[in-house]
>>> print(open('coords36.cif').read())   # mmCIF, C-alpha atoms
data_target
#
loop_
_atom_site.label_atom_id
_atom_site.label_comp_id
_atom_site.auth_asym_id
_atom_site.auth_seq_id
_atom_site.Cartn_x
_atom_site.Cartn_y
_atom_site.Cartn_z
CA MET A 1 25.74 119.32 102.33
CA PRO A 2 28.43 117.18 104.02
CA SER A 3 28.86 116.96 107.78
CA GLU A 4 31.10 119.38 109.65
CA ALA A 5 33.50 116.51 110.21
CA ARG A 6 33.68 115.79 106.48
CA ARG A 7 34.20 119.44 105.61
CA SER A 8 37.13 119.56 108.00
CA PHE A 9 38.51 116.35 106.52
CA ASN A 10 38.19 117.70 102.97
CA ALA A 11 40.01 120.88 103.96
CA ASN A 12 42.81 118.83 105.50
CA ALA A 13 43.03 116.58 102.44
CA LYS A 14 43.98 119.58 100.32
CA ASP A 15 47.34 119.49 102.10
CA ILE A 16 47.93 116.06 100.55
CA ASP A 17 47.04 117.39 97.10
CA ARG A 18 49.57 120.17 97.61
CA LEU A 19 52.19 117.70 98.82
CA LEU A 20 51.71 115.62 95.69
CA GLU A 21 51.92 118.73 93.52
CA ILE A 22 55.24 119.64 95.13
CA HIS A 23 56.50 116.09 94.59
CA THR A 24 55.53 116.18 90.93
CA GLY A 25 57.01 119.63 90.43
CA LEU A 26 60.35 118.64 91.91
CA GLY A 27 60.73 115.13 90.61
CA GLY A 28 58.00 114.29 88.13
CA ILE A 29 55.99 111.08 88.27
CA ASP A 30 57.84 108.68 85.97
CA ARG A 31 61.50 109.28 86.75
CA GLY A 32 62.02 106.32 89.01
CA ARG A 33 62.91 106.53 92.66
CA ARG A 34 64.00 109.87 94.04
CA PHE A 35 65.27 109.21 97.54
CA ASP A 36 65.68 112.91 98.20
CA LEU A 37 61.89 113.31 97.75
CA GLU A 38 60.90 110.33 99.86
CA VAL A 39 60.43 112.58 102.88
CA LEU A 40 57.38 114.01 101.10
CA ASN A 41 55.92 110.52 100.74
CA LYS A 42 56.54 109.71 104.39
CA SER A 43 55.00 113.01 105.41
CA GLY A 44 51.95 112.20 103.32
CA ILE A 45 51.42 108.85 105.06
CA VAL A 46 51.71 110.45 108.50
CA LEU A 47 49.35 113.31 107.63
CA ILE A 48 46.68 111.11 106.07
CA THR A 49 46.61 108.91 109.15
CA ALA A 50 46.24 111.98 111.37
CA PHE A 51 43.41 113.30 109.19
CA TRP A 52 41.60 109.95 109.34
CA GLU A 53 41.99 109.83 113.11
CA ALA A 54 40.62 113.35 113.49
CA TYR A 55 37.70 112.59 111.17
CA CYS A 56 36.64 109.53 113.17
CA GLU A 57 36.76 111.48 116.43
CA ASP A 58 34.88 114.43 114.93
CA ILE A 59 32.07 112.47 113.26
CA ALA A 60 31.59 110.32 116.38
CA ARG A 61 31.30 113.41 118.58
CA GLN A 62 28.95 115.04 116.09
CA GLY A 63 26.79 111.93 116.14
CA LEU A 64 26.77 111.89 119.93
CA VAL A 65 25.65 115.51 120.20
CA HIS A 66 22.92 114.86 117.64
CA ILE A 67 21.69 111.82 119.56
CA ALA A 68 21.72 113.64 122.91
CA ASP A 69 19.86 116.64 121.47
CA ASN A 70 17.21 114.70 119.57
CA LEU A 71 16.27 111.58 121.53
CA LYS A 72 12.86 111.91 123.13
CA SER A 73 13.82 110.14 126.34
CA PRO A 74 16.84 108.45 127.98
CA ASP A 75 15.08 105.11 127.49
CA GLU A 76 16.03 105.36 123.81
CA ILE A 77 19.77 105.66 124.48
CA PRO A 78 21.64 102.70 122.87
CA LEU A 79 22.64 99.96 125.31
CA GLU A 80 26.40 100.46 125.03
CA MET A 81 26.03 104.16 125.75
CA LYS A 82 23.90 103.35 128.80
CA LYS A 83 26.54 100.93 130.04
CA ARG A 84 29.24 103.58 129.68
CA VAL A 85 27.26 106.16 131.63
CA ALA A 86 26.41 103.62 134.34
CA LYS A 87 30.09 102.73 134.78
CA GLU A 88 31.06 106.38 134.99
CA LEU A 89 28.43 107.09 137.63
CA LYS A 90 29.52 104.08 139.68
CA LYS A 91 33.11 105.33 139.67
CA CYS A 92 32.09 108.80 140.84
CA LYS A 93 32.77 109.28 144.55
CA HIS A 94 30.26 112.09 144.84
CA GLU A 95 27.14 110.65 146.46
CA LEU A 96 24.86 113.02 144.56
CA ALA A 97 26.36 112.27 141.14
CA VAL A 98 23.23 110.44 140.00
CA TRP A 99 21.34 113.75 140.09
CA GLU A 100 23.52 114.94 137.22
CA ILE A 101 21.26 112.95 134.90
CA ALA A 102 17.97 113.86 136.55
CA GLY A 103 15.23 115.42 134.46
CA THR A 104 16.62 116.55 131.10
CA GLN A 105 20.17 116.89 132.40
CA TRP A 106 21.06 113.49 130.91
CA ARG A 107 21.43 115.20 127.54
CA GLU A 108 24.23 117.46 128.73
CA TYR A 109 25.78 114.67 130.78
CA LEU A 110 26.04 112.48 127.67
CA LYS A 111 27.78 115.24 125.74
CA ARG A 112 30.35 116.11 128.39
CA SER A 113 31.13 112.64 129.76
CA VAL A 114 33.12 111.25 126.84
CA SER A 115 36.56 112.84 127.17
CA PRO A 116 38.34 109.69 128.46
CA ILE A 117 37.22 107.60 125.48
CA ASP A 118 36.77 109.96 122.56
CA ARG A 119 40.37 109.94 121.37
CA LEU A 120 41.95 107.19 119.31
CA ASN A 121 45.36 105.92 120.32
CA THR A 122 45.75 104.53 116.81
CA PRO A 123 43.09 104.62 114.07
CA LYS A 124 43.18 100.93 113.15
CA ALA A 125 39.92 99.11 112.41
CA ARG A 126 39.49 97.59 115.87
CA GLN A 127 40.11 100.87 117.67
CA VAL A 128 37.76 102.71 115.31
CA ASP A 129 35.08 100.08 115.93
CA ASP A 130 35.51 100.48 119.69
CA LEU A 131 35.26 104.25 119.44
CA PHE A 132 31.94 104.22 117.60
CA LEU A 133 30.48 101.44 119.75
CA ASN A 134 31.28 103.18 123.03
CA LEU A 135 30.50 106.69 121.91
CA ILE A 136 27.30 106.31 119.88
CA GLY A 137 26.37 102.63 119.95
CA ILE A 138 27.32 101.52 116.43
CA ASN A 139 28.45 97.90 116.40
CA GLU A 140 31.37 97.31 114.01
CA VAL A 141 31.25 100.41 111.86
CA SER A 142 34.02 98.71 109.83
CA LYS A 143 31.39 96.37 108.39
CA SER A 144 30.20 99.32 106.28
CA TRP A 145 33.62 99.68 104.63
CA TYR A 146 32.93 97.95 101.33
CA TRP A 147 32.44 98.89 97.68
CA ALA A 148 32.93 97.35 94.25
CA GLY A 149 36.15 95.35 94.34
CA MET A 150 36.69 95.89 98.08
CA SER A 151 35.23 93.78 100.88
CA SER A 152 35.02 95.08 104.44
CA GLU A 153 37.55 92.42 105.49
CA ASN A 154 40.06 93.59 102.90
CA ALA A 155 39.39 97.22 103.78
CA THR A 156 40.17 96.61 107.45
CA ARG A 157 43.40 94.81 106.57
CA LYS A 158 44.44 97.55 104.18
CA LEU A 159 43.76 100.26 106.75
CA ASP A 160 45.77 98.42 109.40
CA ARG A 161 48.72 98.03 107.01
CA PHE A 162 48.79 101.75 106.30
CA VAL A 163 48.51 102.65 109.99
CA ASP A 164 51.35 100.23 110.72
CA LEU A 165 53.39 102.00 108.05
CA ARG A 166 52.65 105.32 109.75
CA GLY A 167 53.87 103.83 113.02
CA SER A 168 57.09 102.63 111.42
CA ILE A 169 57.74 106.06 109.95
CA ALA A 170 57.01 107.80 113.25
CA HIS A 171 59.16 105.50 115.36
CA ARG A 172 61.94 104.47 112.99
CA GLY A 173 62.19 107.50 110.75
CA ARG A 174 64.62 107.14 107.88
CA PHE A 175 65.24 103.47 108.62
CA VAL A 176 61.76 102.44 107.43
CA SER A 177 61.53 100.71 104.04
CA TYR A 178 61.14 103.00 101.03
CA VAL A 179 57.80 104.81 100.73
CA GLU A 180 56.62 105.60 97.22
CA ARG A 181 54.45 108.38 95.86
CA ARG A 182 51.90 105.88 94.57
CA GLN A 183 51.33 104.71 98.16
CA VAL A 184 50.35 108.22 99.16
CA VAL A 185 47.95 108.49 96.21
CA ASP A 186 46.44 105.11 97.05
CA TYR A 187 46.14 105.90 100.74
CA ILE A 188 44.37 109.25 100.39
CA GLY A 189 41.89 107.80 97.89
CA PHE A 190 41.26 104.85 100.20
CA ILE A 191 40.74 107.02 103.28
CA LYS A 192 38.32 109.28 101.40
CA ARG A 193 36.26 106.15 100.70
CA LEU A 194 36.41 105.06 104.33
CA ALA A 195 35.35 108.51 105.49
CA ALA A 196 32.35 108.46 103.14
CA LYS A 197 31.28 105.00 104.28
CA THR A 198 31.78 105.82 107.95
CA GLY A 199 29.89 109.09 107.70
CA GLY A 200 27.04 107.37 105.88
CA ARG A 201 26.79 104.72 108.59
CA VAL A 202 26.73 107.36 111.33
CA ASN A 203 24.07 109.31 109.47
CA SER A 204 21.87 106.21 109.12
CA HIS A 205 22.43 105.25 112.75
CA VAL A 206 21.40 108.60 114.22
CA PHE A 207 18.39 108.71 111.89
CA ASP A 208 17.26 105.29 113.13
CA LEU A 209 17.52 106.55 116.71
CA THR A 210 16.13 110.06 116.39
CA GLY A 211 14.25 110.30 113.09
CA LYS A 212 16.57 113.14 112.11
CA ARG A 213 19.69 112.96 109.94
CA LEU A 214 22.96 114.75 110.54
CA TRP A 215 22.73 115.96 106.95
CA PRO A 216 20.35 115.27 104.03
CA ARG A 217 21.15 112.33 101.78
#
>>> encode(input="coords36.cif", output="structure tokens")
Amino acid sequence: MPSEARRSFNANAKDIDRLLEIHTGLGGIDRGRRFDLEVLNKSGIVLITAFWEAYCEDIARQGLVHIADNLKSPDEIPLEMKKRVAKELKKCKHELAVWEIAGTQWREYLKRSVSPIDRLNTPKARQVDDLFLNLIGINEVSKSWYWAGMSSENATRKLDRFVDLRGSIAHRGRFVSYVERRQVVDYIGFIKRLAAKTGGRVNSHVFDLTGKRLWPR
């Protein structure tokens, strides 16, 4: 059974399938460029990026809750997570703030103290890496983005190019260079791979920490 985050992503991805069906129904696949249908391609790029962003946020939060609920003691919290909590407590002006993590209250504190950092400004590789490091202690989750014919370095560059394309569409609209249907097909397939690799890395990470997986392999 996939994670809740992956189920949400899969449900969202059906919108891209529908978008491609509409494109094919209106213009076919092999009829050359149809500029009147390009808006569908641009919409696909924007939506896929949003779905990827939401997936990263969701699976990171799910991992955090799992860690907080299943660690045996706060001593087992990953270093980067400890640093984040320490910084937050130092910033708090309330002199009794430290008691918010007394006893077993550290579990709930971990789960509710992430709102300033749990949203991506842009889901490029570096920002995704930072999210998972700060939220659940995974160092360079992007290193897990590899498969036959694709290195993690090439995967990060490819992701960043697509996110840049999304940015151009969002900020420049119709003045962006032509976006083709094949780019949408390539992008959704690529992001599905990234989601699988990212989810697998999170699952392994929380298992190493807690002895329990988010979902069975």
>>> closest_residue(input="coords36.cif", among="A:Asn203, A:Gln127, A:Ser142, A:Thr210", to="A:Glu57", atoms="only C-alpha atoms")
A:Gln127
>>> residues_near_point(input="coords36.cif", point="(29.8, 112.7, 116.4)", cutoff="10 Å", atoms="only C-alpha atoms", output="mmCIF file with C-alpha atoms, in the coordinates of the input")
data_model
loop_
_atom_site.group_PDB
_atom_site.id
_atom_site.type_symbol
_atom_site.label_atom_id
_atom_site.label_comp_id
_atom_site.auth_asym_id
_atom_site.auth_seq_id
_atom_site.Cartn_x
_atom_site.Cartn_y
_atom_site.Cartn_z
ATOM 1 C CA SER A 3 28.860 116.960 107.780
ATOM 2 C CA GLU A 4 31.100 119.380 109.650
ATOM 3 C CA ALA A 5 33.500 116.510 110.210
ATOM 4 C CA TYR A 55 37.700 112.590 111.170
ATOM 5 C CA CYS A 56 36.640 109.530 113.170
ATOM 6 C CA GLU A 57 36.760 111.480 116.430
ATOM 7 C CA ASP A 58 34.880 114.430 114.930
ATOM 8 C CA ILE A 59 32.070 112.470 113.260
ATOM 9 C CA ALA A 60 31.590 110.320 116.380
ATOM 10 C CA ARG A 61 31.300 113.410 118.580
ATOM 11 C CA GLN A 62 28.950 115.040 116.090
ATOM 12 C CA GLY A 63 26.790 111.930 116.140
ATOM 13 C CA LEU A 64 26.770 111.890 119.930
ATOM 14 C CA VAL A 65 25.650 115.510 120.200
ATOM 15 C CA HIS A 66 22.920 114.860 117.640
ATOM 16 C CA ILE A 67 21.690 111.820 119.560
ATOM 17 C CA LYS A 111 27.780 115.240 125.740
ATOM 18 C CA ASP A 118 36.770 109.960 122.560
ATOM 19 C CA PHE A 132 31.940 104.220 117.600
ATOM 20 C CA LEU A 135 30.500 106.690 121.910
ATOM 21 C CA ILE A 136 27.300 106.310 119.880
ATOM 22 C CA GLY A 199 29.890 109.090 107.700
ATOM 23 C CA VAL A 202 26.730 107.360 111.330
ATOM 24 C CA ASN A 203 24.070 109.310 109.470
ATOM 25 C CA VAL A 206 21.400 108.600 114.220
ATOM 26 C CA LEU A 214 22.960 114.750 110.540
#
>>> closest_residue(input="coords36.cif", among="A:Ala155, A:Val179, A:Leu37, A:Ala68", to="A:Glu108", atoms="only C-alpha atoms")
A:Ala68
>>> closest_residue(input="coords36.cif", among="A:Ile188, A:Asp75, A:Asp69, A:Arg112", to="A:Asp15", atoms="all atoms listed in the file")
A:Ile188
>>> atom_distance(input="coords36.cif", atom1="atom CA of A:Arg213", atom2="atom CA of A:Glu153")
27.6 Å
>>> residues_around(input="coords36.cif", residues="A:Asp130", least_positions_apart="5", cutoff="9 Å", atoms="only C-alpha atoms", output="ChimeraX atom specification")
/A:125,135,138-141
>>> closest_residue(input="coords36.cif", among="A:Ala170, A:Val128, A:Val184, A:Leu120", to="A:Ala13", atoms="all atoms listed in the file")
A:Val184
>>> atom_distance(input="coords36.cif", atom1="atom CA of A:Glu53", atom2="atom CA of A:Arg193")
14.2 Å
>>> atom_distance(input="coords36.cif", atom1="atom CA of A:Arg166", atom2="atom CA of A:Val46")
5.4 Å
>>> axis_aligned_box(input="coords36.cif", around="stretch 202-207 of chain A", padding_each_side="4 Å", output="JSON")
{"center_x": 22.6, "center_y": 107.3, "center_z": 111.7, "size_x": 16.3, "size_y": 12.1, "size_z": 13.1}
>>> closest_residue(input="coords36.cif", among="A:Leu26, A:Arg6, A:Ser168, A:Gly44", to="A:Val185", atoms="all atoms listed in the file")
A:Gly44
>>> residues_around(input="coords36.cif", residues="stretch 143-145 of chain A", least_positions_apart="6", cutoff="12 Å", atoms="all atoms listed in the file", output="compact mmCIF listing (two decimals) with C-alpha atoms, in the coordinates of the input")
# COMPACT_ATOMS: atom_id res chain seq x y z
CA ALA A 125 39.92 99.11 112.41
CA ARG A 126 39.49 97.59 115.87
CA VAL A 128 37.76 102.71 115.31
CA ASP A 129 35.08 100.08 115.93
CA SER A 151 35.23 93.78 100.88
CA SER A 152 35.02 95.08 104.44
CA GLU A 153 37.55 92.42 105.49
CA ASN A 154 40.06 93.59 102.90
CA ALA A 155 39.39 97.22 103.78
CA THR A 156 40.17 96.61 107.45
CA ARG A 157 43.40 94.81 106.57
CA LYS A 158 44.44 97.55 104.18
CA LEU A 159 43.76 100.26 106.75
CA PHE A 190 41.26 104.85 100.20
CA ILE A 191 40.74 107.02 103.28
CA LYS A 192 38.32 109.28 101.40
CA ARG A 193 36.26 106.15 100.70
CA LEU A 194 36.41 105.06 104.33
CA ALA A 195 35.35 108.51 105.49
CA ALA A 196 32.35 108.46 103.14
CA LYS A 197 31.28 105.00 104.28
CA THR A 198 31.78 105.82 107.95
CA GLY A 199 29.89 109.09 107.70
CA GLY A 200 27.04 107.37 105.88
CA ARG A 201 26.79 104.72 108.59
CA VAL A 202 26.73 107.36 111.33
CA SER A 204 21.87 106.21 109.12
CA HIS A 205 22.43 105.25 112.75
